[in-house]
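Worksheet: one structure, shown below.
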Amino acid sequence: TITVPEDISGLLKAFDLRFDDKDMSLPEKLLEYMIASDTLKGKRIFVTVNLRSYITDKQAEDLFRSVILRKINLVCIESSEHPRSESENVIIIDKDMCVI
């Protein structure tokens, strides 16, 4: 059994390993990172903050579908409302921390 260290950044630096992401969009980069982390470390939960402010609705839909197909756990915390994707479950928490 191969044991992978908790923080793989040192390992990547030691072998000068990098993702070839020059021609990739932000959602593609995120998905590749999640797939690599999931493969190396097993099931995890990935959390993003205000991701929908940086990607289009179409990119979000594509990312969510890919994440679901790969059974990757993704939680997106947003500070503003965005059009809802068919692929997402939305929970709204108000300023009093009440679930609406």
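FYI, nothing fancy with the structure tokens labels: chains A, B, ... in order, residues from 1 per chain, ligands from 1 as they appear.
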Excluding stretch 78-82 of chain A and residues on its chain fewer than 2 positions from it, collect all residues at most 8 Å away from it, counting only C-alpha atoms, and give them as a VMD selection string.
-> chain A and resid 49 to 52 76 84
Mind the document's chain letters and residue numbers, and return as a PyMOL selection string the residues of chain A that DSSP labels helix (DSSP H, G or I).
-> chain A and resi 9-14+26-41+51-53+57-69
Separation of atom CA of A:Asn73 from atom CA of A:Ile91, in Å and rounded to one decimal =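 Pair atom CA of A:Asn73 / atom CA of A:Ile91 returns 15.4 Å.
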Which residue, A:Ile68, A:Leu26, A:Ile100, A:Val75, has the smallest gap to A:Phe46 when you use only C-alpha atoms?
->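 Checking each candidate against A:Phe46, we get A:Val75 as the closest.
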Nearest-residue call for A:Ile55, choices A:Leu30, A:Glu86, A:Asp38, A:Lys71, using only C-alpha atoms |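 Closest candidate: A:Leu30.
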Of A:Val47, A:Ile35, A:Ala60, A:Ala14, the one nearest to A:Ile72 when counting only C-alpha atoms is A:Ile35
Taking the chain letters and numbering used in this document, name the residues of chain A that DSSP puts in strand (DSSP E or B), as a CSV table (one decimal) with N, CA, C and O atoms, in the first residue's frame.
chain,number,residue,atom,x,y,z
A,45,ILE,N,-14.5,16.7,0.3
A,45,ILE,CA,-15.5,17.7,0.0
A,45,ILE,C,-14.7,18.9,-0.4
A,45,ILE,O,-13.8,19.4,0.3
A,46,PHE,N,-15.1,19.5,-1.6
A,46,PHE,CA,-14.4,20.7,-2.1
A,46,PHE,C,-15.4,21.8,-1.8
A,46,PHE,O,-16.6,21.7,-2.1
A,47,VAL,N,-14.9,23.0,-1.3
A,47,VAL,CA,-15.7,24.1,-1.0
A,47,VAL,C,-15.2,25.3,-1.8
A,47,VAL,O,-14.0,25.6,-1.8
A,48,THR,N,-16.1,26.0,-2.5
A,48,THR,CA,-15.7,27.2,-3.2
A,48,THR,C,-16.5,28.4,-2.7
A,48,THR,O,-17.6,28.2,-2.1
A,49,VAL,N,-15.9,29.6,-2.8
A,49,VAL,CA,-16.6,30.8,-2.3
A,49,VAL,C,-16.7,31.7,-3.5
A,49,VAL,O,-15.7,32.1,-4.1
A,73,ASN,N,-17.8,15.6,-4.2
A,73,ASN,CA,-18.6,16.4,-3.4
A,73,ASN,C,-18.2,17.9,-3.5
A,73,ASN,O,-17.0,18.2,-3.2
A,74,LEU,N,-19.1,18.8,-3.9
A,74,LEU,CA,-18.7,20.2,-4.1
A,74,LEU,C,-19.8,21.0,-3.4
A,74,LEU,O,-21.0,20.8,-3.6
A,75,VAL,N,-19.3,21.9,-2.5
A,75,VAL,CA,-20.2,22.9,-1.9
A,75,VAL,C,-19.8,24.3,-2.4
A,75,VAL,O,-18.6,24.7,-2.2
A,76,CYS,N,-20.7,25.0,-2.9
A,76,CYS,CA,-20.5,26.4,-3.4
A,76,CYS,C,-21.2,27.4,-2.5
A,76,CYS,O,-22.4,27.3,-2.4
A,77,ILE,N,-20.4,28.2,-1.8
A,77,ILE,CA,-20.9,29.3,-1.0
A,77,ILE,C,-21.0,30.5,-1.8
A,77,ILE,O,-19.9,31.0,-2.3
A,93,ILE,N,-29.4,30.5,3.4
A,93,ILE,CA,-29.3,30.8,4.9
A,93,ILE,C,-29.2,32.3,5.0
A,93,ILE,O,-28.4,33.0,4.4
A,99,VAL,N,-32.2,28.6,7.9
A,99,VAL,CA,-32.4,28.0,6.6
A,99,VAL,C,-33.7,28.4,6.1
A,99,VAL,O,-34.7,28.2,6.7
Work out how far atom CA of A:Tyr54 is from atom CA of A:Tyr33, in Å to one decimal.
->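 It comes out at 17.0 Å.
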Name the residues in contact with A:Arg65 at a cut-off of 10 Å, using only C-alpha atoms, excluding same-chain residues fewer than 4 positions from it; report them as a tab-separated table (two decimals) with C-alpha atoms, in the first residue's frame.
chain	number	residue	atom	x	y	z
A	59	GLN	CA	-19.67	26.88	-17.33
A	60	ALA	CA	-21.31	26.33	-13.93
A	61	GLU	CA	-23.82	23.88	-15.42
A	69	LEU	CA	-20.81	12.21	-12.92
A	70	ARG	CA	-17.54	11.73	-11.04
A	71	LYS	CA	-19.32	11.61	-7.66
A	85	SER	CA	-28.80	25.05	-12.54
A	86	GLU	CA	-30.74	21.82	-13.02
A	87	SER	CA	-27.81	20.03	-11.41
A	88	GLU	CA	-27.62	21.91	-8.14
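Coordinates place atom CA of A:Val67 at a distance of 13.1 Å from atom CA of A:Asn89.
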